[in-house]
>>> print(open('my_file_20.tsv').read())   # TSV, C-alpha atoms
chain	number	residue	atom	x	y	z
S	19	MET	CA	129.90	59.58	52.16
S	20	ASP	CA	131.95	56.51	53.09
S	21	TYR	CA	129.24	54.60	54.94
S	22	GLY	CA	131.64	52.05	56.40
S	23	VAL	CA	133.73	54.77	57.99
S	24	ALA	CA	130.56	56.49	59.23
S	25	ARG	CA	129.37	53.26	60.88
S	26	ASP	CA	132.72	52.69	62.54
S	27	ARG	CA	132.67	56.22	63.92
S	28	MET	CA	129.06	55.86	65.08
S	29	VAL	CA	129.83	52.69	67.01
S	30	ASP	CA	133.09	54.00	68.45
S	31	GLU	CA	131.77	57.38	69.58
S	32	GLN	CA	128.07	56.84	70.25
S	33	LEU	CA	128.05	53.26	71.58
S	34	TRP	CA	131.45	52.26	72.92
S	35	GLY	CA	132.08	55.82	74.00
S	36	ARG	CA	128.94	55.70	76.17
S	37	GLY	CA	129.59	52.38	77.81
S	38	ILE	CA	128.04	49.75	75.54
S	39	ARG	CA	130.34	46.72	75.74
S	40	ASP	CA	128.44	43.79	74.22
S	41	GLU	CA	130.77	42.79	71.38
S	42	ARG	CA	127.97	41.11	69.40
S	43	VAL	CA	125.85	44.27	69.51
S	44	LEU	CA	128.78	46.45	68.47
S	45	ALA	CA	129.67	44.10	65.61
S	46	ALA	CA	126.08	43.97	64.37
S	47	MET	CA	125.81	47.74	64.29
S	48	VAL	CA	129.09	48.03	62.41
S	49	ARG	CA	127.75	45.63	59.77
S	50	ILE	CA	124.18	46.83	59.27
S	51	PRO	CA	123.77	49.68	56.74
S	52	ARG	CA	121.66	52.12	58.77
S	53	HIS	CA	121.43	54.48	55.78
S	54	ARG	CA	119.27	51.88	54.02
S	55	PHE	CA	116.60	52.34	56.71
S	56	VAL	CA	116.07	56.11	56.49
S	57	GLN	CA	114.29	58.33	53.99
S	58	GLU	CA	116.39	59.26	50.97
S	59	ALA	CA	116.44	62.94	51.91
S	60	LEU	CA	117.93	62.06	55.32
S	61	VAL	CA	120.64	59.62	54.24
S	62	SER	CA	123.40	62.10	55.08
S	63	ARG	CA	122.15	62.10	58.70
S	64	ALA	CA	121.76	58.32	59.02
S	65	TYR	CA	124.76	57.90	61.32
S	66	GLY	CA	124.17	60.98	63.44
S	67	ASP	CA	123.41	60.96	67.15
S	68	ALA	CA	119.65	61.45	66.88
S	69	PRO	CA	116.39	59.74	65.95
S	70	LEU	CA	115.01	60.51	62.48
S	71	PRO	CA	111.45	60.59	61.10
S	72	ILE	CA	110.40	57.67	58.89
S	73	GLY	CA	106.84	58.76	58.10
S	74	ASP	CA	103.42	58.13	59.67
S	75	GLY	CA	104.52	59.97	62.81
S	76	GLN	CA	107.16	57.33	63.61
S	77	THR	CA	110.94	57.47	63.98
S	78	ILE	CA	114.08	55.38	63.64
S	79	SER	CA	115.66	55.44	67.10
S	80	GLN	CA	118.93	57.11	68.01
S	81	PRO	CA	121.81	54.63	67.42
S	82	TYR	CA	122.81	54.71	71.09
S	83	MET	CA	119.31	53.74	72.16
S	84	VAL	CA	119.24	50.87	69.66
S	85	GLY	CA	122.53	49.62	71.04
S	86	LEU	CA	121.51	50.05	74.66
S	87	MET	CA	118.19	48.25	74.25
S	88	SER	CA	119.81	45.43	72.29
S	89	GLU	CA	122.51	44.98	74.93
S	90	ALA	CA	119.90	44.99	77.70
S	91	LEU	CA	118.27	41.88	76.19
S	92	GLY	CA	121.46	39.87	76.74
S	93	LEU	CA	121.12	37.82	73.55
S	94	GLY	CA	123.46	34.90	72.91
S	95	GLY	CA	122.32	33.83	69.44
S	96	GLY	CA	119.76	31.09	69.96
S	97	GLU	CA	116.79	33.10	71.19
S	98	ARG	CA	113.31	33.71	69.86
S	99	VAL	CA	112.63	37.44	70.16
S	100	LEU	CA	109.46	39.50	69.89
S	101	GLU	CA	109.79	43.11	68.76
S	102	VAL	CA	106.87	45.49	69.26
S	103	GLY	CA	107.10	48.29	66.73
S	104	THR	CA	108.93	47.33	63.52
S	105	GLY	CA	109.18	50.90	62.24
S	106	SER	CA	111.89	51.17	59.57
S	107	GLY	CA	113.16	47.67	60.35
S	108	TYR	CA	116.59	48.80	61.58
S	109	GLN	CA	116.19	47.55	65.14
S	110	THR	CA	114.65	44.41	63.64
S	111	ALA	CA	117.82	43.83	61.61
S	112	VAL	CA	120.00	44.26	64.70
S	113	LEU	CA	117.90	41.70	66.57
S	114	ALA	CA	118.02	39.32	63.61
S	115	ASP	CA	121.82	39.51	63.74
S	116	LEU	CA	121.79	38.70	67.45
S	117	ALA	CA	119.06	36.03	67.75
S	118	ALA	CA	117.80	32.91	65.99
S	119	LYS	CA	114.32	34.18	65.12
S	120	VAL	CA	112.62	37.57	65.32
S	121	TYR	CA	108.85	38.14	65.37
S	122	SER	CA	107.95	41.80	64.85
S	123	VAL	CA	104.56	43.52	65.09
S	124	GLU	CA	103.87	46.91	63.45
S	125	ARG	CA	100.48	48.66	63.58
S	126	VAL	CA	101.11	50.78	60.43
S	127	ARG	CA	100.79	48.51	57.41
S	128	SER	CA	102.80	50.71	55.05
S	129	LEU	CA	105.77	50.68	57.43
S	130	ALA	CA	105.50	46.91	57.92
S	131	ASP	CA	105.44	46.33	54.17
S	132	GLN	CA	108.41	48.63	53.55
S	133	ALA	CA	110.42	47.03	56.35
S	134	LEU	CA	109.72	43.52	55.08
S	135	ARG	CA	110.92	44.41	51.57
S	136	ARG	CA	113.98	46.21	52.89
S	137	LEU	CA	114.99	43.37	55.20
S	138	GLY	CA	114.48	40.83	52.43
S	139	ASP	CA	116.68	42.87	50.09
S	140	LEU	CA	119.40	42.80	52.76
S	141	GLY	CA	119.16	39.03	53.18
S	142	TYR	CA	117.40	38.73	56.53
S	143	TYR	CA	115.23	35.61	56.42
S	144	ASN	CA	114.91	34.81	60.13
S	145	ILE	CA	112.26	37.50	60.58
S	146	ARG	CA	108.46	37.40	60.54
S	147	ILE	CA	106.52	40.66	60.46
S	148	ARG	CA	102.80	41.15	60.87
S	149	THR	CA	100.50	44.16	61.12
S	150	GLY	CA	98.54	44.42	64.35
S	151	ASP	CA	98.35	45.68	67.92
S	152	GLY	CA	101.82	45.15	69.33
S	153	SER	CA	100.68	45.92	72.88
S	154	MET	CA	98.96	42.52	72.79
S	155	GLY	CA	102.12	40.74	71.68
S	156	TRP	CA	102.02	37.67	69.44
S	157	ALA	CA	100.39	34.99	71.57
S	158	GLU	CA	100.43	32.26	68.93
S	159	GLU	CA	104.24	32.29	68.87
S	160	ALA	CA	104.84	32.67	72.61
S	161	PRO	CA	106.73	32.09	74.79
S	162	PHE	CA	109.65	34.35	73.86
S	163	ASP	CA	113.15	34.48	75.30
S	164	ALA	CA	113.20	38.26	74.93
S	165	ILE	CA	110.74	41.03	74.08
S	166	LEU	CA	111.71	44.54	72.97
S	167	VAL	CA	109.20	47.39	72.80
S	168	THR	CA	110.27	50.35	70.67
S	169	ALA	CA	107.50	52.75	71.75
S	170	GLY	CA	106.57	54.31	75.09
S	171	ALA	CA	103.81	52.67	77.13
S	172	PRO	CA	101.77	54.16	80.00
S	173	ALA	CA	102.31	50.89	81.90
S	174	VAL	CA	103.94	47.54	81.23
S	175	PRO	CA	101.54	45.65	78.93
S	176	ALA	CA	100.38	42.55	80.82
S	177	PRO	CA	100.14	40.37	77.68
S	178	LEU	CA	103.85	40.88	77.06
S	179	LEU	CA	104.72	39.73	80.57
S	180	ASP	CA	102.52	36.68	80.03
S	181	GLN	CA	104.39	35.85	76.82
S	182	LEU	CA	107.85	35.80	78.43
S	183	GLY	CA	109.39	32.37	78.83
S	184	PRO	CA	111.36	31.35	81.97
S	185	GLY	CA	114.34	33.66	82.33
S	186	GLY	CA	112.96	35.88	79.57
S	187	ARG	CA	113.73	39.61	79.44
S	188	LEU	CA	111.30	42.38	78.50
S	189	VAL	CA	112.76	45.81	77.70
S	190	VAL	CA	110.15	48.56	77.46
S	191	PRO	CA	109.94	52.37	77.86
S	192	VAL	CA	107.26	53.22	80.45
S	193	GLY	CA	105.98	56.63	81.51
S	194	THR	CA	104.04	59.60	80.15
S	195	ALA	CA	103.47	60.45	76.52
S	196	SER	CA	106.45	62.84	76.61
S	197	SER	CA	108.95	61.14	78.93
S	198	GLN	CA	109.65	57.54	79.89
S	199	THR	CA	112.05	55.31	81.79
S	200	LEU	CA	113.54	52.35	79.98
S	201	ARG	CA	112.83	49.28	82.11
S	202	ARG	CA	114.09	45.70	81.97
S	203	ILE	CA	111.84	43.04	83.48
S	204	THR	CA	113.19	39.52	83.88
S	205	ARG	CA	110.97	36.52	84.54
S	206	GLY	CA	112.63	34.70	87.43
S	207	PRO	CA	111.68	31.55	89.36
S	208	ARG	CA	109.97	33.64	92.08
S	209	GLY	CA	108.38	36.27	89.89
S	210	HIS	CA	109.47	39.27	87.86
S	211	VAL	CA	112.58	41.33	88.61
S	212	ASP	CA	112.22	44.96	87.49
S	213	GLU	CA	115.16	47.33	86.76
S	214	ASP	CA	115.20	50.97	85.65
S	215	LEU	CA	117.89	51.52	83.03
S	216	VAL	CA	117.77	55.10	81.69
S	217	GLY	CA	115.44	57.98	80.96
S	218	CYS	CA	114.21	58.19	77.37
S	219	VAL	CA	111.61	59.63	74.99
S	220	PHE	CA	109.84	57.42	72.46
S	221	VAL	CA	106.76	57.78	70.29
S	222	LYS	CA	103.60	56.42	71.94
S	223	LEU	CA	102.75	52.72	71.98
S	224	VAL	CA	99.22	52.83	70.57
S	225	GLY	CA	96.97	49.88	71.27
S	226	GLU	CA	94.63	48.14	73.67
S	227	ARG	CA	97.34	47.90	76.35
S	228	GLY	CA	99.05	51.13	75.36
S	229	TRP	CA	97.82	54.63	74.54
S	230	PRO	CA	94.46	55.07	72.80
S	231	GLU	CA	94.57	56.38	69.23
S	232	GLY	CA	94.84	60.17	69.29
S	233	ALA	CA	95.77	60.42	72.99
S	234	GLY	CA	97.81	63.49	73.94
>>> encode(input="my_file_20.tsv", output="structure tokens")
Amino acid sequence: MDYGVARDRMVDEQLWGRGIRDERVLAAMVRIPRHRFVQEALVSRAYGDAPLPIGDGQTISQPYMVGLMSEALGLGGGERVLEVGTGSGYQTAVLADLAAKVYSVERVRSLADQALRRLGDLGYYNIRIRTGDGSMGWAEEAPFDAILVTAGAPAVPAPLLDQLGPGGRLVVPVGTASSQTLRRITRGPRGHVDEDLVGCVFVKLVGERGWPEGAG
């Protein structure tokens, strides 16, 4: 497979073709080798229009959803970003291309370790990853200019709202265990402004301010 051609087609058909217009997001997703973030047996499907399993019951998100969520953050290049749910590290790499510093929390240690090695091999050094409860954020490094949650929550986690800086944007899927709405919440001078973006389905955000372990 010619991976460069596959990335170009992915961005043209799945992102631009569905209305994503942020040139920095499109350029990042043309550059980043998505096939390096999937299991070896699934490399031929790395640029397809679907999420893929990465082990431990987790997935790498559909390319369109990665692009949409990244665009929704409105990043200009100088931001400090918190990601909740490192997973394979692919979304982390996109954020690292778009922002100055990325802090990412992953509850599954094996995934966090694999992502850290993979991102280091690809030359991403503006990223910090730790293992822990992402629903509680990363209070020691707050406030953040943007926060992205890559798992579905039953409600917006209050600690994440608290860790948004002035003008900060939080993008998070909220709903039931099987169906969510992607929401963008902006911290304005008179409180939070909440927008519904699109329907979606993510794995559960497990944690103190998410779903309990083993919840249906």
>>> atom_distance(input="my_file_20.tsv", atom1="atom CA of Val216 of chain S", atom2="atom CA of Pro191 of chain S")
9.1 Å
>>> residues_around(input="my_file_20.tsv", residues="Ala68 of chain S", least_positions_apart="3", cutoff="8 Å", atoms="all atoms listed in the file", output="count of residues only")
3
>>> closest_residue(input="my_file_20.tsv", among="S:Leu91, S:Ala114, S:Leu100, S:Ala59", to="Tyr143 of chain S", atoms="only C-alpha atoms")
S:Ala114
>>> residues_around(input="my_file_20.tsv", residues="Asp20 of chain S", least_positions_apart="6", cutoff="12 Å", atoms="all atoms listed in the file", output="ChimeraX atom specification")
/S:26-27,51,53,61-62,64-65
>>> closest_residue(input="my_file_20.tsv", among="S:Phe220, S:Tyr108, S:Tyr142, S:Tyr82", to="Gly37 of chain S", atoms="all atoms listed in the file")
S:Tyr82
>>> atom_distance(input="my_file_20.tsv", atom1="atom CA of Thr168 of chain S", atom2="atom CA of Val126 of chain S")
13.7 Å
>>> atom_distance(input="my_file_20.tsv", atom1="atom CA of Pro161 of chain S", atom2="atom CA of Leu200 of chain S")
22.0 Å
>>> closest_residue(input="my_file_20.tsv", among="S:Val224, S:Leu182, S:Ala195, S:Met28", to="Phe162 of chain S", atoms="only C-alpha atoms")
S:Leu182
>>> closest_residue(input="my_file_20.tsv", among="S:Thr204, S:Ser106, S:Thr77, S:Thr199", to="Gly186 of chain S", atoms="only C-alpha atoms")
S:Thr204
>>> closest_residue(input="my_file_20.tsv", among="S:Leu223, S:Ile203, S:Ser196, S:Arg125", to="Ala171 of chain S", atoms="all atoms listed in the file")
S:Leu223
